[in-house]
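*Asks:* My structure file final-v6.cif, mmCIF, C-alpha atoms, is below:
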```cif
data_final
loop_
_atom_site.label_atom_id
_atom_site.label_comp_id
_atom_site.auth_asym_id
_atom_site.auth_seq_id
_atom_site.Cartn_x
_atom_site.Cartn_y
_atom_site.Cartn_z
CA MET A 990 107.90 110.15 84.39
CA ILE A 991 108.23 109.21 88.08
CA TRP A 992 104.56 110.09 88.71
CA GLU A 993 103.58 108.09 85.68
CA VAL A 994 105.45 104.97 86.78
CA GLY A 995 104.15 105.44 90.36
CA LEU A 996 100.55 105.66 89.13
CA LEU A 997 100.99 102.59 86.93
CA CYS A 998 102.45 100.63 89.87
CA LEU A 999 99.53 101.74 92.04
CA ILE A 1000 97.01 100.57 89.41
CA VAL A 1001 98.70 97.18 89.22
CA LEU A 1002 99.29 96.57 92.95
CA ALA A 1003 96.07 98.03 94.38
CA GLY A 1004 94.02 96.57 91.51
CA THR A 1005 95.37 93.02 91.90
CA SER A 1006 95.08 92.88 95.68
CA GLY A 1007 91.61 94.42 95.45
CA GLU A 1008 90.47 91.77 92.98
CA LEU A 1009 91.87 88.98 95.15
CA CYS A 1010 89.95 90.31 98.19
CA VAL A 1011 86.74 90.64 96.18
CA THR A 1012 87.16 87.09 94.84
CA ARG A 1013 87.51 85.79 98.37
CA ALA A 1014 84.40 87.69 99.45
CA MET A 1015 82.31 86.37 96.54
CA LYS A 1016 83.45 82.78 97.19
CA THR A 1017 82.00 83.01 100.71
CA ILE A 1018 78.67 84.08 99.15
CA GLY A 1019 78.57 81.02 96.91
CA GLU A 1020 77.39 80.49 93.36
CA VAL A 1021 74.78 82.93 92.07
CA LYS A 1022 72.01 81.00 90.32
CA ASP A 1023 69.11 83.41 90.28
CA PHE A 1024 69.58 86.37 87.94
CA ARG A 1025 66.29 88.17 88.59
CA PRO A 1026 66.92 91.79 89.67
CA ALA A 1027 65.53 91.29 93.19
CA ALA A 1028 67.74 88.24 93.72
CA LEU A 1029 70.78 90.13 92.41
CA VAL A 1030 70.08 92.96 94.84
CA ARG A 1031 69.93 90.38 97.67
CA VAL A 1032 73.29 88.96 96.54
CA MET A 1033 74.82 92.45 96.56
CA LEU A 1034 73.38 93.14 100.02
CA ARG A 1035 74.94 89.91 101.29
CA ALA A 1036 78.21 90.73 99.55
CA ILE A 1037 78.58 94.12 101.25
CA ARG A 1038 78.34 92.43 104.64
CA VAL A 1039 81.56 90.51 103.97
CA PRO A 1040 84.57 92.48 105.33
CA TRP A 1041 86.83 91.25 102.49
CA MET A 1042 84.49 93.02 100.06
CA TRP A 1043 85.18 96.39 101.73
CA VAL A 1044 88.93 95.86 101.74
CA GLY A 1045 88.75 94.82 98.08
CA VAL A 1046 86.50 97.69 97.01
CA SER A 1047 88.69 100.26 98.81
CA LEU A 1048 91.80 98.94 97.07
CA MET A 1049 89.98 98.94 93.74
CA ALA A 1050 88.88 102.55 94.37
CA ILE A 1051 92.53 103.53 94.90
CA ALA A 1052 93.38 101.76 91.63
CA PHE A 1053 90.51 103.61 89.94
CA PHE A 1054 91.80 107.06 90.90
CA ALA A 1055 95.32 106.06 89.90
CA LEU A 1056 93.83 104.99 86.55
CA LEU A 1057 92.15 108.40 86.11
CA GLY A 1058 95.47 110.09 86.89
CA ALA A 1059 97.37 107.91 84.44
CA LEU A 1060 94.75 108.46 81.72
CA SER A 1061 95.21 112.22 82.03
CA LEU A 1062 98.90 111.72 81.22
CA GLU A 1063 98.85 108.89 78.70
CA ASN A 1064 96.72 107.20 76.00
CA VAL A 1065 94.32 104.45 76.99
CA SER A 1066 95.96 102.09 74.47
CA PHE A 1067 99.16 102.50 76.48
CA VAL A 1068 97.84 102.50 80.06
CA VAL A 1069 95.55 99.47 79.89
CA PRO A 1070 98.08 97.05 78.31
CA VAL A 1071 100.67 98.10 80.93
CA THR A 1072 98.20 97.13 83.67
CA ALA A 1073 98.58 93.55 82.37
CA LEU A 1074 101.61 93.51 84.69
CA SER A 1075 99.05 92.59 87.34
CA TYR A 1076 99.43 89.00 86.09
CA ALA A 1077 103.08 89.10 87.12
CA ALA A 1078 102.17 90.77 90.44
CA GLY A 1079 99.43 88.19 91.05
CA THR A 1080 101.69 85.25 90.25
CA LEU A 1081 104.53 86.54 92.40
CA GLY A 1082 102.11 87.36 95.22
CA GLY A 1083 100.54 83.91 94.93
CA GLU A 1084 103.90 82.19 95.24
CA VAL A 1085 105.32 84.40 97.99
CA PHE A 1086 102.28 85.10 100.17
CA LEU A 1087 99.91 82.20 99.47
CA GLY A 1088 102.44 79.40 99.06
CA GLU A 1089 101.19 78.48 95.58
CA HIS A 1090 103.43 76.27 93.45
CA VAL A 1091 103.66 78.18 90.21
CA SER A 1092 104.53 75.85 87.34
CA ARG A 1093 107.16 76.65 84.70
CA ARG A 1094 104.41 76.90 82.13
CA ARG A 1095 102.62 79.58 84.13
CA TRP A 1096 105.89 81.50 84.61
CA ALA A 1097 106.41 81.23 80.83
CA GLY A 1098 103.00 82.83 80.33
CA VAL A 1099 103.82 85.56 82.83
CA LEU A 1100 107.12 86.22 81.04
CA LEU A 1101 105.22 86.55 77.75
CA VAL A 1102 102.91 89.09 79.40
CA CYS A 1103 105.93 91.05 80.67
CA ALA A 1104 107.55 90.88 77.21
CA GLY A 1105 104.31 92.20 75.69
CA VAL A 1106 104.15 95.05 78.19
CA THR A 1107 107.77 95.91 77.42
CA LEU A 1108 106.94 96.06 73.69
CA VAL A 1109 103.94 98.32 74.41
CA PHE A 1110 106.23 100.51 76.53
CA ILE A 1111 108.93 100.73 73.86
CA GLY A 1112 106.33 101.14 71.10
CA ARG A 1113 104.89 104.38 72.45
CA LYS A 1114 105.39 107.44 70.35
CA MET B 190 94.71 77.69 68.01
CA PRO B 191 93.42 79.73 70.92
CA MET B 192 90.71 77.10 71.41
CA ASN B 193 93.36 74.41 71.81
CA LEU B 194 95.45 76.52 74.09
CA ASN B 195 92.49 77.16 76.26
CA GLN B 196 90.85 73.77 75.97
CA ASP B 197 91.19 72.63 79.57
CA VAL B 198 89.85 75.84 80.85
CA ILE B 199 86.93 76.08 78.47
CA ASP B 200 85.95 72.52 79.21
CA ALA B 201 85.92 72.94 82.88
CA PRO B 202 84.94 76.19 84.48
CA GLY B 203 82.55 74.19 86.62
CA ASP B 204 85.19 71.72 87.71
CA TYR B 205 87.37 74.48 89.00
CA ALA B 206 84.53 76.55 90.21
CA PRO B 207 83.82 75.93 93.86
CA ALA B 208 87.38 76.47 94.93
CA LEU B 209 86.74 77.37 98.52
CA HIS B 210 83.71 75.30 99.36
CA LYS B 211 82.47 72.52 97.17
CA THR B 212 80.30 69.44 97.49
CA GLU B 213 77.49 69.95 100.00
CA SER B 214 76.08 73.16 98.59
CA HIS B 215 76.60 72.44 94.85
CA PRO B 216 76.55 68.69 94.25
CA HIS B 217 75.27 69.06 90.67
CA ILE B 218 77.82 71.57 89.49
CA ARG B 219 79.91 69.31 87.25
CA SER B 220 77.12 68.34 84.90
CA SER B 221 75.77 71.81 84.36
CA ALA B 222 75.74 73.03 80.75
CA GLY B 223 73.93 76.12 81.97
CA LEU B 224 76.98 76.95 84.05
CA HIS B 225 79.12 77.09 80.90
CA PHE B 226 76.53 79.23 79.14
CA LYS B 227 76.20 81.81 81.87
CA THR B 228 79.99 81.88 82.34
CA TYR B 229 80.51 82.68 78.63
CA ILE B 230 77.78 85.32 78.60
CA LEU B 231 79.21 87.10 81.64
CA ILE B 232 82.76 86.94 80.25
CA LEU B 233 81.41 88.50 77.04
CA PHE B 234 79.92 91.30 79.18
CA ILE B 235 83.28 91.73 80.94
CA VAL B 236 85.19 91.91 77.65
CA ILE B 237 82.81 94.58 76.30
CA PHE B 238 82.01 96.71 79.37
CA ALA B 239 85.54 97.11 80.77
CA PRO B 240 87.20 98.39 77.56
CA VAL B 241 84.26 100.69 76.73
CA GLY B 242 84.36 102.08 80.29
CA ASN B 243 88.13 102.65 80.12
CA VAL B 244 87.91 104.33 76.72
CA LEU B 245 85.14 106.66 78.00
CA LEU B 246 87.27 107.52 81.07
CA SER B 247 90.19 108.23 78.77
CA LYS B 248 88.01 110.45 76.56
CA GLY B 249 86.89 112.37 79.67
CA MET B 250 90.42 112.68 81.09
CA LYS B 251 91.79 114.03 77.81
CA THR B 252 89.65 117.14 78.29
CA VAL B 253 91.29 118.08 81.63
CA ASP B 254 94.83 119.26 82.32
CA PRO B 255 97.41 116.58 83.14
CA VAL B 256 97.31 115.63 86.83
CA LYS B 257 100.18 116.98 88.96
CA LEU B 258 100.12 115.20 92.30
CA HIS B 259 102.18 117.78 94.22
CA ASP B 260 99.83 120.65 93.35
CA THR B 261 96.94 120.25 95.85
CA GLU B 262 94.92 123.23 94.68
CA GLY B 263 95.25 122.09 91.09
CA LEU B 264 94.15 118.59 92.11
CA ILE B 265 90.89 119.89 93.63
CA HIS B 266 90.23 121.93 90.51
CA ILE B 267 90.87 118.88 88.29
CA PHE B 268 88.68 116.74 90.58
CA MET B 269 85.74 119.13 90.08
CA GLU B 270 86.37 119.24 86.35
CA VAL B 271 86.63 115.45 86.07
CA PHE B 272 83.39 114.73 87.90
CA SER B 273 81.43 117.23 85.85
CA SER B 274 82.32 115.42 82.62
CA PRO B 275 79.54 113.23 81.19
CA TYR B 276 82.13 110.89 79.65
CA ILE B 277 83.55 110.14 83.09
CA TRP B 278 80.09 109.29 84.50
CA LEU B 279 79.25 107.17 81.47
CA GLY B 280 82.63 105.42 81.88
CA ILE B 281 81.92 104.82 85.57
CA GLY B 282 78.51 103.40 84.60
CA PHE B 283 80.10 100.93 82.20
CA LEU B 284 82.78 100.00 84.75
CA LEU B 285 80.04 99.37 87.33
CA LEU B 286 78.28 97.05 84.87
CA PHE B 287 81.64 95.35 84.35
CA PHE B 288 82.16 95.08 88.11
CA VAL B 289 78.74 93.50 88.72
CA SER B 290 79.33 90.97 85.89
CA TYR B 291 82.75 90.26 87.36
CA LEU B 292 81.38 89.73 90.88
CA LEU B 293 78.64 87.42 89.61
CA VAL B 294 80.99 85.23 87.57
CA LEU B 295 83.47 85.08 90.47
CA SER B 296 80.74 83.67 92.70
CA TRP B 297 81.15 80.33 90.89
CA ALA B 298 84.22 80.50 88.63
CA ASP B 299 87.88 80.68 89.68
CA TYR B 300 89.76 83.98 89.59
CA SER B 301 92.49 82.19 87.68
CA TYR B 302 89.92 81.10 85.08
CA VAL B 303 88.15 84.45 84.76
CA GLN B 304 91.25 86.65 84.62
CA PRO B 305 92.84 84.92 81.60
CA ALA B 306 89.51 84.42 79.86
CA SER B 307 88.97 88.18 79.93
CA SER B 308 92.40 88.85 78.36
CA THR B 309 90.75 89.70 75.03
CA SER B 310 89.81 93.00 76.62
CA TYR B 311 93.41 94.19 76.06
CA ALA B 312 92.96 93.78 72.33
CA VAL B 313 89.51 95.42 72.50
CA VAL B 314 91.00 98.43 74.35
CA ALA B 315 93.70 98.83 71.70
CA LEU B 316 91.12 98.60 68.89
CA LEU B 317 88.76 101.08 70.58
CA GLY B 318 91.64 103.45 71.42
CA HIS B 319 92.73 103.36 67.80
CA PHE B 320 89.34 103.65 66.09
CA ALA B 321 87.25 105.63 68.60
CA LEU B 322 89.89 107.95 70.06
CA ARG B 323 92.22 107.98 67.01
CA GLU B 324 95.21 107.16 69.21
CA PRO B 325 98.29 106.41 67.14
CA ILE B 326 99.35 102.80 67.76
CA SER B 327 102.69 101.67 66.39
CA ALA B 328 103.21 98.21 64.93
CA LEU B 329 105.42 97.42 67.92
CA ARG B 330 102.58 98.23 70.32
CA TRP B 331 100.13 96.01 68.38
CA ILE B 332 102.66 93.18 68.61
CA GLY B 333 102.99 93.88 72.34
CA VAL B 334 99.20 93.64 72.81
CA LEU B 335 99.13 90.32 70.93
CA VAL B 336 102.02 88.95 73.01
CA ILE B 337 100.13 89.96 76.19
CA CYS B 338 97.00 88.10 75.02
CA LEU B 339 99.13 85.05 74.17
CA GLY B 340 100.86 85.15 77.57
CA VAL B 341 97.55 85.44 79.37
CA LEU B 342 96.21 82.43 77.44
CA VAL B 343 99.27 80.39 78.46
CA VAL B 344 98.71 81.35 82.10
CA GLY B 345 95.05 80.37 81.74
CA ASN B 346 96.02 76.96 80.41
CA THR B 347 97.86 75.99 83.61
CA HIS B 348 96.15 74.23 86.46
CA PRO B 349 94.29 76.83 88.48
CA ARG B 350 94.74 75.25 91.86
CA THR B 351 98.18 74.44 93.27
CA THR B 352 97.56 74.52 97.01
CA GLU B 353 95.94 71.98 99.32
CA ARG B 354 92.39 72.62 100.35
CA HIS B 355 92.24 73.30 104.04
CA ARG B 356 88.54 72.85 104.62
#
```
Do you think you could lay out the structure here as structure tokens?

*Replies:*
Amino acid sequence: MIWEVGLLCLIVLAGTSGELCVTRAMKTIGEVKDFRPAALVRVMLRAIRVPWMWVGVSLMAIAFFALLGALSLENVSFVVPVTALSYAAGTLGGEVFLGEHVSRRRWAGVLLVCAGVTLVFIGRK
Amino acid sequence: MPMNLNQDVIDAPGDYAPALHKTESHPHIRSSAGLHFKTYILILFIVIFAPVGNVLLSKGMKTVDPVKLHDTEGLIHIFMEVFSSPYIWLGIGFLLLFFVSYLLVLSWADYSYVQPASSTSYAVVALLGHFALREPISALRWIGVLVICLGVLVVGNTHPRTTERHR
């Protein structure tokens, strides 16, 4: 049980911070307009030169292995909904570390997500 | 109902898009119908590829023994077993397709737009888990998945930018 909860926490925390880093990296690349394969390869080559991309990808790799571990213990229809807690982690992180002003409405949404995760948790056989 | 909930967001991925650096490089971005089209297509890819990838990983992981983190020798054995499973490689392939779609859409759309818009993938995972892997899903868990989707839609309906732009 402790391993399980630890793995789920790792998926949520490493996954969310990884995605935030990757988002930052892609924003420095700018909007992709050309979808021909050669152009996409050029975009990817530019993307891997951004340090944030490496931080993000490493964190996402950690989340990936935690996901594999969790999937060996639990059903996918349990593990994936629980990872929705990343919305709560993201919102909290945004407010605490990035100084975002999270509205009541957004907190209400986050609470709904947490309530849903709790139901999924309770509803497991 | 979901359309209404999500109206602001659906109307304006382009408006929110160039969060970090706007104007000079993309002056035309607001009027672009093509931007909406490619955003929807890529979000459709995200909503299909991620759940399929996760379900394939799950299928692959069900064939190995449960992971015990304190047993190093066992971990190496499981590692070898995991990466010789075709389901795992197929799952990784789908997740890579998901990741590329995700990166591309994030190059113009906000994280806080993309993340909620892809919330349907939670429902898709539950459906695939139930029908493809025959996982038993209780009524309570279905309700939980629906509440998660609803919560994510509410989050997506809030204004995506709450901090001052510094550059």

*Asks:* Using all atoms listed in the file and a distance of at most 8 Å, pull out the residues of chain A that contact chain B, as a VMD selection string.

*Replies:* chain A and resid 992 1009 1011 to 1012 1015 to 1021 1057 to 1058 1060 to 1062 1064 to 1066 1069 to 1070 1073 1076 1088 to 1092 1094 to 1114

*Asks:* Contacts of Gly1079 of chain A at 9 Å or less, counting all atoms listed in the file, minus same-chain residues fewer than 5 places along, as a short mmCIF file (atom, residue, chain, number, x, y, z; two decimals) with C-alpha atoms, in the frame of the given file?

*Replies:*
```cif
data_model
loop_
_atom_site.label_atom_id
_atom_site.label_comp_id
_atom_site.auth_asym_id
_atom_site.auth_seq_id
_atom_site.Cartn_x
_atom_site.Cartn_y
_atom_site.Cartn_z
CA LEU A 1002 99.29 96.57 92.95
CA THR A 1005 95.37 93.02 91.90
CA SER A 1006 95.08 92.88 95.68
CA LEU A 1009 91.87 88.98 95.15
CA LEU A 1074 101.61 93.51 84.69
CA GLU A 1084 103.90 82.19 95.24
#
```

*Asks:* The PyMOL selection byres ((chain B and resi 283) around 8) - which residues does that actually catch in the file I just gave you? List them as a PDB file with C-alpha atoms, in the coordinates of the input.

*Replies:*
```
ATOM      1  CA  PHE B 238      82.010  96.710  79.370  1.00  0.00           C
ATOM      2  CA  ALA B 239      85.540  97.110  80.770  1.00  0.00           C
ATOM      3  CA  VAL B 241      84.260 100.690  76.730  1.00  0.00           C
ATOM      4  CA  GLY B 242      84.360 102.080  80.290  1.00  0.00           C
ATOM      5  CA  LEU B 279      79.250 107.170  81.470  1.00  0.00           C
ATOM      6  CA  GLY B 280      82.630 105.420  81.880  1.00  0.00           C
ATOM      7  CA  ILE B 281      81.920 104.820  85.570  1.00  0.00           C
ATOM      8  CA  GLY B 282      78.510 103.400  84.600  1.00  0.00           C
ATOM      9  CA  LEU B 284      82.780 100.000  84.750  1.00  0.00           C
ATOM     10  CA  LEU B 285      80.040  99.370  87.330  1.00  0.00           C
ATOM     11  CA  LEU B 286      78.280  97.050  84.870  1.00  0.00           C
ATOM     12  CA  PHE B 287      81.640  95.350  84.350  1.00  0.00           C
TER      13      PHE B 287
END
```

*Asks:* Smallest atom-to-atom distance to Leu233 of chain B: which of B:Ala306, B:Met269, B:Asp260, B:Tyr276, using only C-alpha atoms?

*Replies:*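 Ranking B:Ala306, B:Met269, B:Asp260, B:Tyr276 by distance to Leu233 of chain B, first place goes to B:Ala306.
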
*Asks:* In Å, rounded to a single decimal, give me how far atom CA of Thr1072 of chain A is from atom CA of Gly1045 of chain A.

*Replies:* 17.4 Å

*Asks:* For a test of reading the model, state the distance in Å between atom CA of Glu993 of chain A and atom CA of Ser1075 of chain A, rounded to one decimal.

*Replies:*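 These atoms are spaced 16.2 Å apart.
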
*Asks:* Fewer than 3 positions away in the same chain doesn't count, so skip those; otherwise give me all residues within 8 Å of Ala1036 of chain A, counting all atoms listed in the file, as number ranges by chain.

*Replies:* A: 1014-1015, 1018, 1032-1033, 1039, 1042

*Asks:* Take atom CA of Phe268 of chain B and atom CA of Ala1052 of chain A and report the distance between them in Å, one decimal.

*Replies:*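 Atom CA of Ala1052 of chain A lies 15.7 Å from atom CA of Phe268 of chain B.
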
*Asks:* Let me make sure I understand: among A:Val1044, A:Leu1056, A:Val1085, A:Met990, which one has the smallest atom-to-atom distance to Val1071 of chain A if we use all atoms listed in the file?

*Replies:* A:Leu1056
